[in-house]
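Trainee: For reference, this is coords_8.cif, and it has mmCIF, C-alpha atoms.
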```cif
data_structure
#
loop_
_atom_site.label_atom_id
_atom_site.label_comp_id
_atom_site.auth_asym_id
_atom_site.auth_seq_id
_atom_site.Cartn_x
_atom_site.Cartn_y
_atom_site.Cartn_z
CA MET A 1 -10.73 -108.06 62.02
CA SER A 2 -8.53 -108.51 58.97
CA CYS A 3 -5.01 -107.12 58.92
CA SER A 4 -4.70 -107.45 55.14
CA PRO A 5 -3.29 -104.39 53.30
CA PHE A 6 -6.51 -104.34 51.25
CA ASP A 7 -10.03 -105.49 52.00
CA LEU A 8 -10.29 -109.26 51.56
CA ARG A 9 -13.85 -108.82 50.25
CA ASP A 10 -12.56 -106.60 47.46
CA TYR A 11 -9.99 -109.29 46.71
CA LEU A 12 -12.72 -111.93 46.66
CA LEU A 13 -14.98 -109.83 44.45
CA ASP A 14 -12.19 -109.08 41.96
CA GLU A 15 -12.24 -105.36 42.59
CA LEU A 16 -8.51 -104.89 43.20
CA SER A 17 -5.85 -103.97 40.68
CA GLN A 18 -3.25 -106.59 39.87
CA PRO A 19 -0.48 -105.09 42.07
CA ASN A 20 -2.89 -104.82 45.00
CA ARG A 21 -4.00 -108.40 44.48
CA ARG A 22 -0.38 -109.52 44.68
CA GLN A 23 0.07 -107.67 47.95
CA VAL A 24 -2.96 -109.41 49.40
CA GLU A 25 -1.72 -112.79 48.19
CA ASN A 26 1.70 -112.21 49.76
CA HIS A 27 0.03 -111.24 53.01
CA ILE A 28 -2.22 -114.32 53.01
CA ASN A 29 0.80 -116.56 52.68
CA THR A 30 2.12 -115.25 55.97
CA CYS A 31 -1.09 -114.55 57.92
CA SER A 32 -3.18 -117.55 58.96
CA GLY A 33 -6.05 -115.39 60.29
CA CYS A 34 -6.55 -113.62 56.96
CA ARG A 35 -6.13 -116.91 55.12
CA GLU A 36 -8.95 -118.44 57.16
CA GLU A 37 -11.14 -115.37 56.67
CA LEU A 38 -10.59 -115.47 52.94
CA GLY A 39 -11.40 -119.18 53.01
CA ARG A 40 -14.73 -118.49 54.68
CA LEU A 41 -15.53 -115.78 52.12
CA GLN A 42 -14.64 -118.08 49.26
CA THR A 43 -16.79 -120.83 50.74
CA THR A 44 -19.70 -118.40 51.02
CA GLN A 45 -19.28 -117.32 47.42
CA ALA A 46 -19.10 -120.94 46.24
CA ALA A 47 -22.29 -121.77 48.17
CA LEU A 48 -24.11 -118.85 46.56
CA ARG A 49 -22.91 -119.81 43.10
CA SER A 50 -23.96 -123.41 43.59
CA VAL A 51 -27.51 -122.24 42.89
CA ALA A 52 -27.47 -122.16 39.12
CA ASP A 53 -29.33 -119.81 36.81
CA GLU A 54 -32.61 -121.02 35.39
CA GLU A 55 -33.37 -121.24 31.71
CA ILE A 56 -35.87 -118.65 30.60
CA PRO A 57 -39.24 -120.46 30.19
CA GLN A 58 -40.12 -118.61 27.02
CA ARG A 59 -37.78 -116.95 24.57
CA ILE A 60 -38.28 -113.25 24.05
CA ALA A 61 -38.39 -112.06 20.46
CA PHE A 62 -39.88 -109.11 18.68
CA VAL A 63 -41.44 -108.91 15.26
CA SER A 64 -41.61 -105.83 13.11
CA ASP A 65 -44.55 -103.68 14.01
CA LYS A 66 -45.30 -100.01 14.45
CA VAL A 67 -43.48 -99.86 17.72
CA PHE A 68 -40.27 -101.10 16.22
CA ALA A 69 -40.62 -99.82 12.72
CA PRO A 70 -38.01 -97.35 11.44
CA SER A 71 -38.87 -93.83 10.42
CA PRO A 72 -41.22 -93.33 7.43
CA TRP A 73 -38.34 -92.05 5.29
CA ARG A 74 -36.24 -95.11 6.05
CA ARG A 75 -39.23 -97.40 5.48
CA ALA A 76 -39.77 -95.83 2.07
CA ALA A 77 -36.09 -96.19 1.25
CA GLN A 78 -36.10 -99.83 2.33
CA ALA A 79 -39.33 -100.52 0.42
CA PHE A 80 -37.80 -99.00 -2.70
CA TRP A 81 -34.55 -100.86 -2.31
CA ASN A 82 -36.37 -104.18 -1.82
CA SER A 83 -38.72 -103.63 -4.77
CA SER A 84 -38.34 -104.40 -8.45
CA ALA A 85 -38.02 -100.67 -9.11
CA ARG A 86 -34.47 -101.01 -7.81
CA LEU A 87 -33.46 -102.82 -11.01
CA GLY A 88 -34.91 -100.06 -13.15
CA PHE A 89 -33.25 -97.43 -11.06
CA VAL A 90 -29.89 -99.15 -11.23
CA SER A 91 -30.23 -99.62 -14.99
CA ALA A 92 -31.11 -95.98 -15.45
CA ALA A 93 -28.21 -94.95 -13.25
CA MET A 94 -25.77 -97.10 -15.20
CA LEU A 95 -27.08 -95.76 -18.49
CA SER A 96 -26.72 -92.20 -17.23
CA CYS A 97 -23.16 -92.91 -16.13
CA ALA A 98 -22.38 -94.45 -19.51
CA LEU A 99 -23.77 -91.39 -21.29
CA VAL A 100 -21.77 -89.02 -19.14
CA VAL A 101 -18.58 -91.00 -19.60
CA THR A 102 -19.14 -91.21 -23.33
CA ALA A 103 -19.78 -87.48 -23.54
CA LEU A 104 -16.64 -86.69 -21.59
CA TYR A 105 -14.24 -89.10 -23.25
CA ARG A 106 -15.61 -89.34 -26.81
CA PRO A 107 -12.84 -88.58 -29.30
CA ALA A 108 -13.12 -85.42 -31.37
CA PRO A 109 -14.90 -85.84 -34.75
CA ALA A 110 -12.68 -86.62 -37.72
CA PRO A 111 -11.76 -83.67 -39.92
CA ALA A 112 -13.87 -83.12 -43.04
CA GLY A 113 -12.75 -84.91 -46.23
CA PRO A 114 -11.28 -88.33 -46.73
CA ALA A 115 -7.89 -89.07 -45.39
CA PRO A 116 -5.21 -89.34 -48.05
CA VAL A 117 -4.74 -92.96 -49.02
CA SER A 118 -1.93 -94.14 -51.23
CA GLN A 119 -2.78 -95.68 -54.62
CA VAL A 120 -1.01 -98.93 -53.80
CA GLU A 121 -2.96 -99.29 -50.61
CA LYS A 122 -6.17 -98.49 -52.42
CA ALA A 123 -5.49 -101.11 -55.11
CA ARG A 124 -4.64 -103.67 -52.50
CA MET A 125 -7.84 -102.96 -50.61
CA GLU A 126 -9.90 -103.26 -53.82
CA LYS A 127 -8.25 -106.55 -54.62
CA LEU A 128 -8.92 -107.85 -51.14
CA GLU A 129 -12.54 -106.73 -51.33
CA ALA A 130 -13.00 -108.43 -54.71
CA GLU A 131 -11.45 -111.61 -53.43
CA PHE A 132 -13.63 -111.49 -50.33
CA ASP A 133 -16.75 -110.91 -52.44
CA SER A 134 -15.93 -113.79 -54.74
CA ARG A 135 -15.35 -116.13 -51.82
CA VAL A 136 -18.58 -115.08 -50.21
CA GLN A 137 -20.49 -115.58 -53.44
CA ALA A 138 -18.94 -119.01 -53.95
CA ALA A 139 -19.81 -120.03 -50.40
CA VAL A 140 -23.37 -118.76 -50.82
CA ALA A 141 -23.77 -120.56 -54.17
CA LYS A 142 -22.45 -123.77 -52.65
CA ALA A 143 -24.79 -123.50 -49.70
CA VAL A 144 -27.76 -122.76 -51.97
CA ALA A 145 -26.93 -125.75 -54.20
CA GLU A 146 -26.65 -128.08 -51.23
CA SER A 147 -29.91 -126.73 -49.88
CA GLU A 148 -31.63 -127.30 -53.23
CA VAL A 149 -30.36 -130.87 -53.38
CA ARG A 150 -31.65 -131.48 -49.91
CA GLN A 151 -35.02 -129.94 -50.74
CA THR A 152 -35.33 -131.97 -53.94
CA GLY A 153 -34.63 -135.20 -52.12
CA LYS A 154 -37.15 -134.34 -49.44
CA THR A 155 -39.79 -133.51 -52.08
CA ALA A 156 -39.23 -136.81 -53.88
CA GLN A 157 -39.56 -138.68 -50.63
CA LEU A 158 -42.79 -136.88 -49.86
CA ILE A 159 -44.26 -137.62 -53.32
CA GLN A 160 -43.28 -141.27 -53.02
CA ALA A 161 -44.88 -141.52 -49.61
CA LEU A 162 -48.07 -139.88 -50.89
CA GLU A 163 -48.28 -142.20 -53.88
CA LYS A 164 -47.81 -145.21 -51.67
CA ARG A 165 -50.53 -144.02 -49.39
CA ASN A 166 -52.92 -143.37 -52.31
CA GLU A 167 -52.25 -146.84 -53.69
CA MET A 168 -53.08 -148.42 -50.36
CA ASP A 169 -56.27 -146.38 -50.07
CA ARG A 170 -57.26 -147.37 -53.63
CA ARG A 171 -56.68 -151.06 -52.94
CA GLY A 172 -58.65 -150.84 -49.77
CA LEU A 173 -61.57 -149.26 -51.59
CA LEU A 174 -61.38 -151.90 -54.32
CA VAL A 175 -61.51 -154.73 -51.80
CA ALA A 176 -64.46 -153.13 -50.06
CA PHE A 177 -66.29 -152.61 -53.36
CA THR A 178 -65.65 -156.24 -54.42
CA GLU A 179 -66.97 -157.53 -51.11
CA ASN A 180 -70.07 -155.37 -51.37
CA LEU A 181 -70.62 -156.57 -54.91
CA ASP A 182 -70.42 -160.22 -53.80
CA VAL A 183 -72.92 -159.58 -51.06
CA ALA A 184 -75.30 -157.96 -53.58
CA ARG A 185 -74.93 -160.89 -55.99
CA LYS A 186 -75.70 -163.40 -53.23
CA GLN A 187 -78.76 -161.38 -52.20
CA ARG A 188 -79.90 -161.31 -55.87
CA ASN A 189 -79.46 -165.11 -56.16
CA LEU A 190 -81.46 -165.68 -53.02
CA TYR A 191 -84.17 -163.40 -54.33
CA MET A 192 -84.30 -165.17 -57.72
CA HIS A 193 -84.37 -168.55 -56.01
CA ALA A 194 -87.31 -167.48 -53.86
CA VAL A 195 -89.16 -166.12 -56.92
CA ASN A 196 -88.67 -169.39 -58.83
CA GLU A 197 -89.95 -171.44 -55.93
CA LEU A 198 -92.96 -169.23 -55.58
CA SER A 199 -93.74 -169.56 -59.34
CA ALA A 200 -93.35 -173.36 -59.19
CA GLY A 201 -95.77 -173.49 -56.23
CA ARG A 202 -98.48 -171.55 -58.06
CA GLU A 203 -98.20 -173.77 -61.19
CA GLY A 204 -98.68 -176.90 -58.97
CA ASP A 205 -101.80 -175.44 -57.38
CA GLN A 206 -103.36 -174.70 -60.80
CA GLN A 207 -102.74 -178.22 -62.01
CA MET B 208 -15.71 -110.07 26.80
CA ILE B 209 -14.10 -107.38 24.65
CA PHE B 210 -15.18 -109.14 21.46
CA ARG B 211 -18.64 -109.55 22.88
CA ALA B 212 -18.83 -105.86 23.78
CA VAL B 213 -17.82 -104.98 20.23
CA GLU B 214 -20.40 -107.31 18.75
CA ASP B 215 -23.09 -105.97 21.07
CA ALA B 216 -22.20 -102.48 19.93
CA ASP B 217 -22.61 -103.57 16.30
CA LEU B 218 -25.99 -105.10 17.04
CA ILE B 219 -27.04 -101.97 18.90
CA SER B 220 -26.16 -99.73 15.98
CA SER B 221 -28.03 -102.05 13.59
CA ALA B 222 -31.04 -102.08 15.91
CA ARG B 223 -30.94 -98.30 16.07
CA ARG B 224 -31.31 -98.27 12.30
CA GLY B 225 -34.49 -100.33 12.66
CA ASP B 226 -33.04 -103.83 12.26
CA VAL B 227 -35.36 -105.85 14.50
CA GLU B 228 -33.46 -109.07 13.83
CA ALA B 229 -30.27 -107.54 15.20
CA TYR B 230 -32.16 -106.58 18.31
CA ASN B 231 -33.60 -110.08 18.62
CA LEU B 232 -30.05 -111.42 18.53
CA LEU B 233 -29.11 -108.96 21.25
CA ILE B 234 -32.06 -110.18 23.31
CA SER B 235 -31.02 -113.80 22.90
CA ARG B 236 -27.65 -112.91 24.41
CA TRP B 237 -29.04 -111.14 27.45
CA GLU B 238 -32.49 -112.57 28.15
CA LYS B 239 -31.31 -115.34 30.47
CA ARG B 240 -29.27 -112.98 32.63
CA VAL B 241 -32.01 -110.37 32.81
CA TYR B 242 -34.63 -113.02 33.58
CA ASN B 243 -32.58 -114.56 36.40
CA TYR B 244 -31.76 -111.15 37.84
CA LEU B 245 -35.46 -110.30 37.92
CA LEU B 246 -36.38 -113.75 39.20
CA ARG B 247 -34.06 -113.33 42.17
CA LEU B 248 -35.52 -109.88 42.76
CA VAL B 249 -39.23 -110.65 42.49
CA GLY B 250 -39.23 -114.37 43.32
CA ASN B 251 -41.88 -115.29 40.77
CA ARG B 252 -41.27 -116.78 37.32
CA GLU B 253 -44.33 -115.26 35.64
CA ASP B 254 -43.55 -111.80 36.92
CA ALA B 255 -39.90 -112.23 35.99
CA LEU B 256 -40.83 -113.20 32.43
CA ASP B 257 -43.34 -110.37 32.03
CA LEU B 258 -40.85 -107.90 33.40
CA SER B 259 -38.14 -109.23 31.10
CA GLN B 260 -40.34 -108.59 28.08
CA ASP B 261 -41.12 -105.09 29.34
CA VAL B 262 -37.42 -104.45 29.90
CA PHE B 263 -36.43 -105.38 26.36
CA LEU B 264 -39.31 -103.42 24.88
CA LYS B 265 -38.38 -100.34 26.88
CA ALA B 266 -34.74 -100.82 26.02
CA TYR B 267 -35.56 -100.92 22.30
CA GLN B 268 -37.68 -97.81 22.51
CA ASN B 269 -34.89 -95.97 24.30
CA LEU B 270 -31.94 -97.42 22.43
CA ARG B 271 -31.11 -94.07 20.87
CA LYS B 272 -30.68 -92.59 24.33
CA LEU B 273 -27.87 -95.03 25.12
CA GLU B 274 -24.83 -92.80 24.81
CA GLU B 275 -22.14 -95.48 25.13
CA PRO B 276 -23.04 -98.79 23.46
CA GLY B 277 -20.14 -100.34 25.38
CA ARG B 278 -22.10 -99.78 28.59
CA PHE B 279 -25.18 -101.57 27.34
CA ALA B 280 -25.25 -104.11 30.21
CA PRO B 281 -25.50 -101.70 33.16
CA TRP B 282 -27.94 -99.58 31.15
CA LEU B 283 -30.13 -102.62 30.50
CA PHE B 284 -30.01 -103.76 34.12
CA ARG B 285 -30.86 -100.24 35.24
CA ILE B 286 -34.06 -100.53 33.21
CA ALA B 287 -34.70 -103.97 34.73
CA HIS B 288 -34.16 -102.60 38.24
CA ASN B 289 -36.59 -99.73 37.56
CA GLU B 290 -39.20 -102.07 36.09
CA ALA B 291 -39.03 -104.39 39.09
CA TYR B 292 -39.36 -101.58 41.62
CA SER B 293 -42.11 -99.99 39.55
CA MET B 294 -44.02 -103.27 39.87
CA PHE B 295 -43.44 -103.36 43.61
CA ARG B 296 -44.80 -99.84 43.94
CA LYS B 297 -47.89 -100.60 41.84
CA ARG B 298 -48.74 -103.69 43.86
CA ARG B 299 -48.08 -102.17 47.24
CA PRO B 300 -48.78 -98.44 46.91
CA GLU B 301 -49.03 -98.03 50.67
CA ALA B 302 -45.60 -99.52 51.22
CA GLU B 303 -42.47 -97.48 51.75
CA THR B 304 -40.29 -96.41 48.85
CA GLU B 305 -37.75 -99.13 49.50
CA ALA B 306 -40.27 -101.89 49.02
CA GLU B 307 -39.48 -105.46 49.84
CA PRO B 308 -40.07 -107.98 47.07
CA GLU B 309 -43.36 -109.83 47.48
CA ALA B 310 -41.82 -113.22 47.29
CA THR B 311 -38.50 -114.28 48.66
CA GLU B 312 -35.75 -116.52 47.51
CA ALA B 313 -37.02 -119.19 49.86
CA GLU B 314 -40.10 -119.54 47.66
CA ILE B 315 -38.07 -120.23 44.55
CA SER B 316 -37.15 -123.76 43.78
CA PHE B 317 -34.09 -123.32 41.62
CA GLY B 318 -33.26 -125.75 38.89
CA GLY B 319 -29.89 -126.42 40.50
CA SER B 320 -31.43 -128.61 43.17
CA GLY B 321 -31.03 -131.67 41.00
CA VAL B 322 -27.33 -131.02 40.53
CA PHE B 323 -26.42 -129.58 43.91
CA PRO B 324 -27.46 -130.80 47.34
CA ILE B 325 -30.96 -129.65 48.15
CA GLU B 326 -29.88 -128.71 51.65
CA LEU B 327 -27.35 -126.24 50.31
CA SER B 328 -29.91 -124.72 47.94
CA LEU B 329 -32.33 -124.26 50.80
CA ALA B 330 -29.60 -122.82 52.98
CA VAL B 331 -28.70 -120.30 50.28
CA ALA B 332 -32.35 -119.36 49.83
CA THR B 333 -32.79 -118.94 53.59
CA ALA B 334 -29.61 -116.91 53.91
CA LEU B 335 -30.60 -114.60 51.07
CA ASP B 336 -33.99 -114.24 52.69
CA ARG B 337 -32.33 -112.77 55.75
CA LEU B 338 -31.03 -109.86 53.68
CA GLY B 339 -32.82 -106.65 52.99
CA ALA B 340 -34.00 -106.05 49.42
CA ASP B 341 -31.13 -103.65 48.69
CA GLN B 342 -28.52 -106.01 50.08
CA ARG B 343 -29.96 -108.96 48.19
CA GLU B 344 -29.97 -107.02 44.94
CA ALA B 345 -26.35 -106.03 45.51
CA VAL B 346 -25.44 -109.70 45.97
CA VAL B 347 -27.35 -110.71 42.86
CA LEU B 348 -25.65 -108.06 40.75
CA LYS B 349 -22.19 -108.87 42.05
CA ILE B 350 -22.14 -112.62 42.70
CA TYR B 351 -24.56 -113.81 40.03
CA GLN B 352 -24.20 -111.13 37.36
CA GLY B 353 -20.57 -110.18 37.89
CA PHE B 354 -20.91 -106.41 37.63
CA LYS B 355 -18.21 -104.06 38.88
CA PHE B 356 -18.91 -101.63 41.70
CA GLU B 357 -19.14 -98.69 39.28
CA GLU B 358 -21.61 -100.53 37.11
CA MET B 359 -23.67 -101.50 40.14
CA ALA B 360 -23.73 -97.87 41.22
CA GLU B 361 -25.04 -96.95 37.78
CA ILE B 362 -27.72 -99.65 37.88
CA LEU B 363 -28.83 -98.83 41.41
CA ASP B 364 -28.39 -95.09 40.95
CA CYS B 365 -26.41 -94.65 44.11
CA PRO B 366 -22.77 -93.93 45.08
CA VAL B 367 -20.14 -96.67 44.91
CA SER B 368 -19.68 -96.34 48.67
CA THR B 369 -23.34 -97.26 49.18
CA VAL B 370 -22.96 -100.27 46.90
CA LYS B 371 -19.93 -101.46 48.85
CA SER B 372 -21.64 -100.91 52.17
CA ARG B 373 -24.69 -102.96 51.12
CA LEU B 374 -22.56 -105.72 49.69
CA TYR B 375 -20.19 -105.97 52.64
CA THR B 376 -23.04 -106.13 55.10
CA ALA B 377 -24.72 -108.79 53.00
CA LEU B 378 -21.50 -110.78 52.74
CA ASP B 379 -21.06 -110.77 56.51
CA VAL B 380 -24.59 -112.12 56.98
CA LEU B 381 -24.20 -114.73 54.26
CA LYS B 382 -20.80 -115.81 55.55
CA ASN B 383 -22.18 -116.47 59.00
CA GLU B 384 -25.07 -118.44 57.50
CA LEU B 385 -23.38 -120.37 54.76
CA ALA B 386 -19.71 -120.86 55.59
CA PRO B 387 -20.38 -123.33 58.44
CA ILE B 388 -22.78 -125.39 56.29
CA LYS B 389 -20.47 -125.51 53.33
CA THR B 390 -17.50 -126.27 55.54
CA ARG B 391 -19.39 -129.21 57.06
CA GLY B 392 -19.54 -130.57 53.55
CA VAL B 393 -23.19 -130.88 52.74
CA SER B 394 -23.77 -134.06 50.80
#
```
Go through the file and emit its structure as structure tokens.

Mentor:
Amino acid sequence: MSCSPFDLRDYLLDELSQPNRRQVENHINTCSGCREELGRLQTTQAALRSVADEEIPQRIAFVSDKVFAPSPWRRAAQAFWNSSARLGFVSAAMLSCALVVTALYRPAPAPAGPAPVSQVEKARMEKLEAEFDSRVQAAVAKAVAESEVRQTGKTAQLIQALEKRNEMDRRGLLVAFTENLDVARKQRNLYMHAVNELSAGREGDQQ
Amino acid sequence: MIFRAVEDADLISSARRGDVEAYNLLISRWEKRVYNYLLRLVGNREDALDLSQDVFLKAYQNLRKLEEPGRFAPWLFRIAHNEAYSMFRKRRPEAETEAEPEATEAEISFGGSGVFPIELSLAVATALDRLGADQREAVVLKIYQGFKFEEMAEILDCPVSTVKSRLYTALDVLKNELAPIKTRGVS
């Protein structure tokens, strides 16, 4: 029978508070009987724990099916959020927000009639506008001229290339015609030669 | 352990919202412990695996009923305990309420035999076999699963005093069986 202030099995099984554990430890230091009993308990526990846990032979995992599926409302919400409609919804929401913000913070319309502008300012603005117009016109004219030059050059190149091609085609045709003509002349000569021989043969027979 | 409890609670709340992947992650954290608990209870790997799957399915279906996500572990093992004893009752309807498991620890060849002396493994199995089913389950929950007395009482649905009584009796039996062998230095 143990004379420990607290049950040694509770000490072994880690069911004592820290102060109570210290009391047991102090007692064990002075009591050989309890020390031996605790030793036997610890040996028993170590023997039990020497038999290790097994690995599970097959992992357990679930897939989504009716059993695990969330409520219909949540499914619909998830389906919507995962669909392409989400983009449209977000766009519409942003547009709505922009409209509301614009409506709330848009500045008040300007009062009727033009604002008074000084003559000097007006003249300066006119001068600036005229200068701007003239610069724009000059830039446009320059660009058009450059473009025309480029187009003219390209056209000349095209015409030259076409003429060159026509010349080559013409020469090719001429060579072909000349060759055909030679062939025809040779055929005519052969024909004439055969006719002459035939005529000479008939005259010999008559004689 | 605190961080783990917090993370488990996060996974539980995600799973409650229908996040199956969160629940799968929760399973991966607990499946080995649940499987080994059931294996030591029923003594058969196939049954232990089938029961483990049933336990996690039932747990998912009842996740909303879990009032304190921080007490997920005892709640889960309570389901495992019920599933195991439900199987015992189905297989042996004529038996008494406190049914003995069909197989015993002696029939299980634990993977630790390659690492630890086979004689010690057999001695442990034999010693555990000498215990009643309730005492053995108390030992499994305390020594192998590390639950506190209050948690064990919740799992076993009995008073803490009953848990302590079962465990102390079991420890006395096991000490008489195992301490001499271990002290001899099995090798």

Trainee: Between A:His27, A:Arg165, A:Arg171, A:Arg40, which residue has the minimum interatomic distance to chain B, considering only C-alpha atoms?

Mentor: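 Under the stated criterion, the closest residue is A:Arg40.
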
Trainee: Select, as number ranges by chain, those residues of chain A with any atom no more than 8 Å from chain B (distances computed using only C-alpha atoms).

Mentor: A: 9, 13, 15, 40-41, 43-45, 47-64, 67-70

Trainee: Work out how far apart atom CA of Arg21 of chain A and atom CA of Gln42 of chain A are and give it in Å to one decimal.

Mentor: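 Going from atom CA of Arg21 of chain A over to atom CA of Gln42 of chain A, I get 15.2 Å.
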
Trainee: Taking into account only C-alpha atoms, which residue in the set B:Arg271, B:Met359, B:Leu338, B:Cys365 is nearest to Ala377 of chain B?

Mentor: B:Leu338
